[in-house]
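Here the structure comes first, spelled out in structure tokens, and everything after it is commentary.
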Amino acid sequence: MANPPPEPTPATCPCGSGRAFEACCGPLLSGERRAATAEELMRARFTAHARGDMAFVHRTYRPTSRLPYEPSPEAPTTQWTRLVVHAHEPGRTPDLAYVDFSAYGLEQGVEHVLHEKAEFVREGGEWIYTRAVREGPAPVRQAAKVGRNDPCPCGSGKKYKHCCLAKA
């Protein structure tokens, strides 16, 4: 007797969560439920871009969310391939959050990356994308230079010149 064919595995969600689309972003795109966090909405928006669901992208972008959706006659040129979420940070209020991410896509066979820090607000209990706060990676912050007479950064309580500067 022949073995039965293997059970089909559900398609993995494009957002990179590792979960099946039907258990991850699918219910958000279909409107079955709302995103619980800004990161969850970010992942759903990426999935919508990857699947060509521009109506969802339109509904979840603050400037267009209250306008009727009109499909663009031009097809998107980027094939979105993967998403990496670097950080999900709360804002000044519980209804404000930021998501730092990199979205990778192919254009004419060449991989490009969109690195962005995005702002989200919660209005009426629903998260919505408002704007890009920063495009590109976060700036590198260098530690302030320690002066000879400043307290030593090692925490010894001594002046820098009598502590770690002497050891350098």
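Ordering of the structure tokens sets the chain letters (A, B, ...); residue numbers start at 1 within each chain; ligands are numbered from 1 in the order shown.
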Run DSSP on the backbone of this structure and report the residues of range 17-154 of chain A it assigns to helix (DSSP H, G or I), as a PyMOL selection string. chain A and resi 21-23+26-30+38-51+54-59
Residues just named, written with C-alpha atoms as a short mmCIF file (atom, residue, chain, number, x, y, z; two decimals), in the first residue's frame:
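The resulting selection16.cif:
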```
data_model
loop_
_atom_site.label_atom_id
_atom_site.label_comp_id
_atom_site.auth_asym_id
_atom_site.auth_seq_id
_atom_site.Cartn_x
_atom_site.Cartn_y
_atom_site.Cartn_z
CA PHE A 21 -0.28 33.60 6.64
CA GLU A 22 -3.75 32.53 7.83
CA ALA A 23 -2.63 32.73 11.48
CA GLY A 26 -4.24 37.15 6.90
CA PRO A 27 -6.91 38.12 9.48
CA LEU A 28 -5.66 41.72 9.48
CA LEU A 29 -5.69 42.04 5.70
CA SER A 30 -9.19 40.54 5.50
CA ALA A 38 2.24 49.07 15.73
CA GLU A 39 4.70 46.30 14.86
CA GLU A 40 1.86 43.95 13.96
CA LEU A 41 0.41 46.61 11.64
CA MET A 42 3.86 47.19 10.12
CA ARG A 43 4.15 43.49 9.38
CA ALA A 44 0.66 43.43 7.86
CA ARG A 45 1.45 46.47 5.70
CA PHE A 46 4.60 44.76 4.40
CA THR A 47 2.57 41.63 3.66
CA ALA A 48 -0.01 43.72 1.82
CA HIS A 49 2.75 45.24 -0.32
CA ALA A 50 4.22 41.77 -0.98
CA ARG A 51 0.80 40.37 -1.97
CA MET A 54 -2.88 48.08 -2.12
CA ALA A 55 -6.39 48.65 -0.70
CA PHE A 56 -5.10 47.57 2.75
CA VAL A 57 -2.06 49.83 2.38
CA HIS A 58 -4.41 52.70 1.47
CA ARG A 59 -6.71 52.06 4.48
#
```
Quick one: DSSP strand (DSSP E) residues in range 43-163 of chain A, as a ChimeraX atom specification? /A:79-90,96-107,110-123,126-135
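Across the model, the gap from CA of Val113 in chain A to CA of Pro139 in chain A is 16.9 Å.
For the choices A:His112, A:Asp53, A:Gly155, A:Ala118, the atom-to-atom distance to Pro71 in chain A is smallest for A:Asp53 when using only C-alpha atoms.
Closest approach to Cys15 in chain A among A:His162, A:Arg66, A:Arg134, A:Arg82: A:Arg82, based on only C-alpha atoms.
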Using only C-alpha atoms, which protein or nucleic acid residues come within 8 Å of Lys159 in chain A? Drop anything in the same chain fewer than 5 positions from it, and give the result as a list in words. Arg148, Asn149, Asp150, Pro151 and Cys152 of chain A
For the residues selected in the previous step, produce a file with N, CA and C atoms as a JSON list (two decimals), in the first residue's frame.
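As written to disk, result28.json reads:
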```
[["chain", "number", "residue", "atom", "x", "y", "z"],
["A", 148, "ARG", "N", 40.39, 65.53, 30.91],
["A", 148, "ARG", "CA", 41.34, 65.10, 31.95],
["A", 148, "ARG", "C", 40.78, 65.28, 33.36],
["A", 149, "ASN", "N", 40.07, 66.39, 33.58],
["A", 149, "ASN", "CA", 39.59, 66.69, 34.93],
["A", 149, "ASN", "C", 38.15, 66.23, 35.18],
["A", 150, "ASP", "N", 37.55, 65.53, 34.21],
["A", 150, "ASP", "CA", 36.20, 64.99, 34.39],
["A", 150, "ASP", "C", 36.25, 63.74, 35.26],
["A", 151, "PRO", "N", 35.12, 63.39, 35.89],
["A", 151, "PRO", "CA", 35.08, 62.13, 36.63],
["A", 151, "PRO", "C", 35.35, 60.96, 35.67],
["A", 152, "CYS", "N", 36.04, 59.98, 36.14],
["A", 152, "CYS", "CA", 36.38, 58.83, 35.30],
["A", 152, "CYS", "C", 35.11, 58.05, 34.95]]
```
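The two atoms in question, CA of Ala11 in chain A and CA of Glu119 in chain A, are spaced 29.2 Å apart.
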What's around Cys13 in chain A at 7 Å? Count only C-alpha atoms, leave out sequence neighbours fewer than 6 positions away in its own chain, and write the answer as number ranges by chain. A: 19-21, 24-25
Restricting the output to C-alpha atoms, write the selected residues as a PDB file, in the first residue's frame.
```
ATOM      1  CA  ARG A  19       3.883  31.739  11.143  1.00  0.00           C
ATOM      2  CA  ALA A  20       1.338  30.716   8.526  1.00  0.00           C
ATOM      3  CA  PHE A  21      -0.277  33.601   6.641  1.00  0.00           C
ATOM      4  CA  CYS A  24      -0.539  35.875  11.106  1.00  0.00           C
ATOM      5  CA  CYS A  25      -1.334  38.764   8.752  1.00  0.00           C
TER       6      CYS A  25
END
```
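When CA of Glu74 in chain A is paired with CA of Ala132 in chain A, their separation reads 23.5 Å.
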Could you check which of A:Leu165, A:Pro73, A:Val133, A:Gly147 is closest to Asp100 in chain A, using only C-alpha atoms? A:Val133
